[in-house]
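One structure below.
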Amino acid sequence: MGKTAKEQLNRALSSHLNNIHETLQILDVAPASSVENVNWKDVIQMSEQVSKEATNVGMLYSCESPGVKALEESMAAYFNILRGFLYVSHGSLVGAGPTLSSCIHKSVKQVVDTSFMLFQEAVSSYGQTSSISQKQKIPQLVGAVWDACSDVKKAPTTNVTAIGRQMTQVAVSIKDVLREMKELKPASTENKLDDGDSDGDLGNDLSPEEMKVVQLTTSVVSETLTVLKELIRSITSLLKQETVDSSCFSVTPLESLLKLCQAIGVQVDELGACLYPPQELSEIKVAMGQMLSFTSQVEVQLKDLKIYTDDFSEACSRLRDSLRNLESELGVEDISSELDNLAVH
């Protein structure tokens with residue numbers, strides 16, 4: 001009887017999981033612009049209902065294994081609400097650009113994944129009255145659903161917010177690279193006399209010439225971080241405009257700015273990697289050229305959006321000065337004209 005009951009539960013669960021998988025696919029298709037946008041508060045309310053149903057599942061297993069009927073009814077109620085959660089989440093995607101859509105999809109997928117794990121464990125441990133799974137894993141998995149549903153409240157609800165957060169992540173990454181650069185040290189007299197294995201001192205044995213490159217590159221990265229901070233401030237200024245009239249708000253230029261921002265972040269990573277001895281000066285020169293190009297494009301787009309500020313202009317000017325100093329140290333000749341073009345407003 002126990003085996004038959006478990007097979008029955010597995011069939012029921014498989015049916016629910018397949019249904020949710022099919023429903024989840026609607027998130028891959030943007031809703032028509034004519035569709036009425038669902039307020040994110042409605043999505044949060046549905047996630048709270050999912051959380052409550054997860055609590056009910058935990059209560060079913062708090063004392064002993066529930067009956068087949070009770071668990072089947074719990075599954076039906078749970079996945080019905082989860083399906084509703086997916087539908088309202090899809091409705092919230094009206095007007096969402098790729099970045100916001102990705103953030104929402106990630107948040108929703110986490111609720112779905114934790115829900116699947118909860119019920120897979122619930123069915124798997126069915127009938128095991130003294131099971132460790134019942135006493136420990138089920139409460140843990142219920143908690144995972146709670147956390148996923150709670151994170152829905154933290155998801156960005158506008159394109160500007162989503163893009164701003166992604167830019168902030170790039171800035172955090174650049175800050176990490178900057179910290180690592182500042183930890184690079186010149187070779188000491190003891191290191192020069194030591195003929196032993198120096199692998200453990202990577203980054204602590206730079207020559208005076210190499211340290212000069214490190215210092216100048218550190219200045220470039222520091223000014224780049226300032227440029228990104230000012231870029232984020234400029235983007236954030238659009239939040240009120242998007243909130244007031246999202247129908248007339250184009251997310252395409254902001255998505256383009258994000259890609260440029262991320263591209264700058266990649267070049268900063270390259271600069272950081274090139275500073276360890278033996279320094280790759282040719283790669284540093286390439287990264288400099290790329291950063292010039294990307295920064296120039298950012299300036300043009302900010303002007304087109306009419307959010308080009310004096311603070312951003314000053315940050316770019318300081319970055320150009322830092323690049324010129326590094327250019328002089330490296331003996332680069334073909335970047336000077338690009339620097340001059342970048343300075344033209």
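The way I read the labels, and the way they are meant: chains A, B, ... in the order of the structure tokens, residue 1 as the first residue of every chain, and ligand 1 as the first ligand shown, with later ones counted on from there.
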If you count only C-alpha atoms, which residues fall within 9 Å of A:Asn39, apart from same-chain ones fewer than 6 positions away, as a list in words?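 Counting only the stated atoms, we get Val88, Gly91, Ser92 and Thr157 of chain A.
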May I have the selected residues written with N, CA, C and O atoms, as a PDB file, in the first residue's frame?
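And here is the file that came out, selection_9.pdb:
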ATOM      1  N   VAL A  88       1.227  36.746 -12.624  1.00  0.00           N
ATOM      2  CA  VAL A  88       1.335  38.171 -12.265  1.00  0.00           C
ATOM      3  C   VAL A  88       2.760  38.666 -12.476  1.00  0.00           C
ATOM      4  O   VAL A  88       2.976  39.834 -12.822  1.00  0.00           O
ATOM      5  N   GLY A  91       3.012  39.583 -16.009  1.00  0.00           N
ATOM      6  CA  GLY A  91       2.324  40.853 -16.249  1.00  0.00           C
ATOM      7  C   GLY A  91       3.133  42.060 -15.831  1.00  0.00           C
ATOM      8  O   GLY A  91       2.960  43.163 -16.357  1.00  0.00           O
ATOM      9  N   SER A  92       4.060  41.857 -14.872  1.00  0.00           N
ATOM     10  CA  SER A  92       4.891  42.971 -14.407  1.00  0.00           C
ATOM     11  C   SER A  92       6.010  43.307 -15.383  1.00  0.00           C
ATOM     12  O   SER A  92       6.702  44.310 -15.221  1.00  0.00           O
ATOM     13  N   THR A 157      12.222  47.166  -9.475  1.00  0.00           N
ATOM     14  CA  THR A 157      10.895  47.274 -10.092  1.00  0.00           C
ATOM     15  C   THR A 157      10.859  48.227 -11.280  1.00  0.00           C
ATOM     16  O   THR A 157       9.828  48.370 -11.922  1.00  0.00           O
TER      17      THR A 157
END
Show me a table, sorted first by chain and then by increasing residue number, of the residues of stretch 69-107 of chain A having an atom at most 10 Å from stretch 42-63 of chain A, each with its shortest atom pair and the distance in Å to one decimal, counting only C-alpha atoms and written as CSV.
residue,atom,partner,partner_atom,distance
A:Ala70,CA,A:Leu60,CA,8.2
A:Leu71,CA,A:Leu60,CA,7.8
A:Ser74,CA,A:Val57,CA,6.8
A:Met75,CA,A:Val57,CA,8.5
A:Ala77,CA,A:Glu53,CA,7.7
A:Tyr78,CA,A:Glu53,CA,5.7
A:Phe79,CA,A:Val50,CA,8.6
A:Asn80,CA,A:Val50,CA,9.5
A:Ile81,CA,A:Val50,CA,6.3
A:Leu82,CA,A:Val50,CA,6.2
A:Arg83,CA,A:Met46,CA,9.7
A:Gly84,CA,A:Met46,CA,7.3
A:Phe85,CA,A:Met46,CA,5.3
A:Leu86,CA,A:Val43,CA,8.5
A:Tyr87,CA,A:Val43,CA,9.0
A:Val88,CA,A:Val43,CA,5.8
A:Ser89,CA,A:Val43,CA,5.8
A:His90,CA,A:Val43,CA,9.4
A:Gly91,CA,A:Val43,CA,9.1
A:Ser92,CA,A:Val43,CA,7.8
Would you put the residues from that selection into a file with N, CA, C and O atoms, as an mmCIF file, in the first residue's frame?
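For reference, part_3.cif as written:
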data_model
loop_
_atom_site.group_PDB
_atom_site.id
_atom_site.type_symbol
_atom_site.label_atom_id
_atom_site.label_comp_id
_atom_site.auth_asym_id
_atom_site.auth_seq_id
_atom_site.Cartn_x
_atom_site.Cartn_y
_atom_site.Cartn_z
ATOM 1 N N ALA A 70 -4.127 14.331 2.073
ATOM 2 C CA ALA A 70 -3.716 15.631 2.625
ATOM 3 C C ALA A 70 -2.559 16.222 1.841
ATOM 4 O O ALA A 70 -2.526 17.423 1.543
ATOM 5 N N LEU A 71 -1.588 15.368 1.479
ATOM 6 C CA LEU A 71 -0.427 15.857 0.739
ATOM 7 C C LEU A 71 -0.802 16.236 -0.686
ATOM 8 O O LEU A 71 -0.310 17.238 -1.227
ATOM 9 N N SER A 74 -2.503 19.517 -0.524
ATOM 10 C CA SER A 74 -1.505 20.557 -0.270
ATOM 11 C C SER A 74 -0.753 20.899 -1.547
ATOM 12 O O SER A 74 -0.521 22.079 -1.856
ATOM 13 N N MET A 75 -0.392 19.877 -2.318
ATOM 14 C CA MET A 75 0.293 20.100 -3.593
ATOM 15 C C MET A 75 -0.573 20.913 -4.553
ATOM 16 O O MET A 75 -0.101 21.862 -5.185
ATOM 17 N N ALA A 77 -3.074 22.935 -3.921
ATOM 18 C CA ALA A 77 -3.243 24.319 -3.463
ATOM 19 C C ALA A 77 -1.970 25.124 -3.697
ATOM 20 O O ALA A 77 -2.007 26.267 -4.170
ATOM 21 N N TYR A 78 -0.836 24.508 -3.383
ATOM 22 C CA TYR A 78 0.456 25.194 -3.506
ATOM 23 C C TYR A 78 0.743 25.573 -4.957
ATOM 24 O O TYR A 78 1.042 26.728 -5.269
ATOM 25 N N PHE A 79 0.645 24.597 -5.839
ATOM 26 C CA PHE A 79 1.027 24.853 -7.228
ATOM 27 C C PHE A 79 -0.001 25.723 -7.954
ATOM 28 O O PHE A 79 0.344 26.380 -8.942
ATOM 29 N N ASN A 80 -1.211 25.750 -7.473
ATOM 30 C CA ASN A 80 -2.201 26.668 -8.030
ATOM 31 C C ASN A 80 -1.810 28.111 -7.728
ATOM 32 O O ASN A 80 -1.870 28.982 -8.610
ATOM 33 N N ILE A 81 -1.365 28.350 -6.497
ATOM 34 C CA ILE A 81 -0.922 29.692 -6.118
ATOM 35 C C ILE A 81 0.395 30.035 -6.818
ATOM 36 O O ILE A 81 0.602 31.173 -7.269
ATOM 37 N N LEU A 82 1.282 29.041 -6.927
ATOM 38 C CA LEU A 82 2.554 29.288 -7.612
ATOM 39 C C LEU A 82 2.321 29.660 -9.077
ATOM 40 O O LEU A 82 2.999 30.552 -9.619
ATOM 41 N N ARG A 83 1.345 29.019 -9.699
ATOM 42 C CA ARG A 83 1.015 29.351 -11.083
ATOM 43 C C ARG A 83 0.504 30.789 -11.178
ATOM 44 O O ARG A 83 0.865 31.536 -12.096
ATOM 45 N N GLY A 84 -0.326 31.181 -10.237
ATOM 46 C CA GLY A 84 -0.804 32.559 -10.207
ATOM 47 C C GLY A 84 0.334 33.540 -10.015
ATOM 48 O O GLY A 84 0.353 34.624 -10.617
ATOM 49 N N PHE A 85 1.302 33.161 -9.190
ATOM 50 C CA PHE A 85 2.494 33.989 -8.979
ATOM 51 C C PHE A 85 3.246 34.195 -10.288
ATOM 52 O O PHE A 85 3.708 35.303 -10.600
ATOM 53 N N LEU A 86 3.345 33.152 -11.099
ATOM 54 C CA LEU A 86 4.036 33.259 -12.380
ATOM 55 C C LEU A 86 3.290 34.174 -13.345
ATOM 56 O O LEU A 86 3.906 34.957 -14.074
ATOM 57 N N TYR A 87 1.977 34.088 -13.347
ATOM 58 C CA TYR A 87 1.185 34.922 -14.257
ATOM 59 C C TYR A 87 1.305 36.410 -13.916
ATOM 60 O O TYR A 87 1.467 37.244 -14.810
ATOM 61 N N VAL A 88 1.227 36.746 -12.624
ATOM 62 C CA VAL A 88 1.335 38.171 -12.265
ATOM 63 C C VAL A 88 2.760 38.666 -12.476
ATOM 64 O O VAL A 88 2.976 39.834 -12.822
ATOM 65 N N SER A 89 3.739 37.779 -12.297
ATOM 66 C CA SER A 89 5.131 38.156 -12.549
ATOM 67 C C SER A 89 5.324 38.487 -14.025
ATOM 68 O O SER A 89 6.001 39.456 -14.380
ATOM 69 N N HIS A 90 4.708 37.694 -14.886
ATOM 70 C CA HIS A 90 4.787 37.964 -16.327
ATOM 71 C C HIS A 90 4.120 39.293 -16.653
ATOM 72 O O HIS A 90 4.626 40.074 -17.467
ATOM 73 N N GLY A 91 3.012 39.583 -16.009
ATOM 74 C CA GLY A 91 2.324 40.853 -16.249
ATOM 75 C C GLY A 91 3.133 42.060 -15.831
ATOM 76 O O GLY A 91 2.960 43.163 -16.357
ATOM 77 N N SER A 92 4.060 41.857 -14.872
ATOM 78 C CA SER A 92 4.891 42.971 -14.407
ATOM 79 C C SER A 92 6.010 43.307 -15.383
ATOM 80 O O SER A 92 6.702 44.310 -15.221
#
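Restricting the calculation to only C-alpha atoms, the smallest distance between A:Phe312 and any of A:Leu330, A:Ile138, A:Ile232, A:Leu100 is found for A:Ile232.
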I'd like the neighbourhood of A:Ala155 as a list of chain:residue names, where a residue qualifies if any of its atoms comes within 8 Å (using only C-alpha atoms), though same-chain residues fewer than 3 positions away should be ignored. A:Cys103, A:Ile104, A:Ser107, A:Asp151, A:Val152
As an exercise, work out the distance from atom CA of A:Met291 to atom CA of A:Glu223 in Å and give it to one decimal place.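 Atom CA of A:Glu223 lies 11.8 Å from atom CA of A:Met291.
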With only C-alpha atoms as the atoms that count, which of A:Ala32, A:Leu260, A:Leu228, A:Met288 lies nearest to A:Val172?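 Among the listed residues, the smallest separation from A:Val172 belongs to A:Leu228.
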Please identify all polymer residues within 10 Å of A:Gly265, counting only C-alpha atoms, omitting same-chain residues fewer than 5 positions from it, and present them as a ChimeraX atom specification. /A:167,169-174,177,221,224-225,228,259-260,270-271,291
Pick out the closest residue to A:Leu239 from this set: A:Gly164, A:Pro253, A:Gly331, A:Pro278. Count only C-alpha atoms. A:Gly164
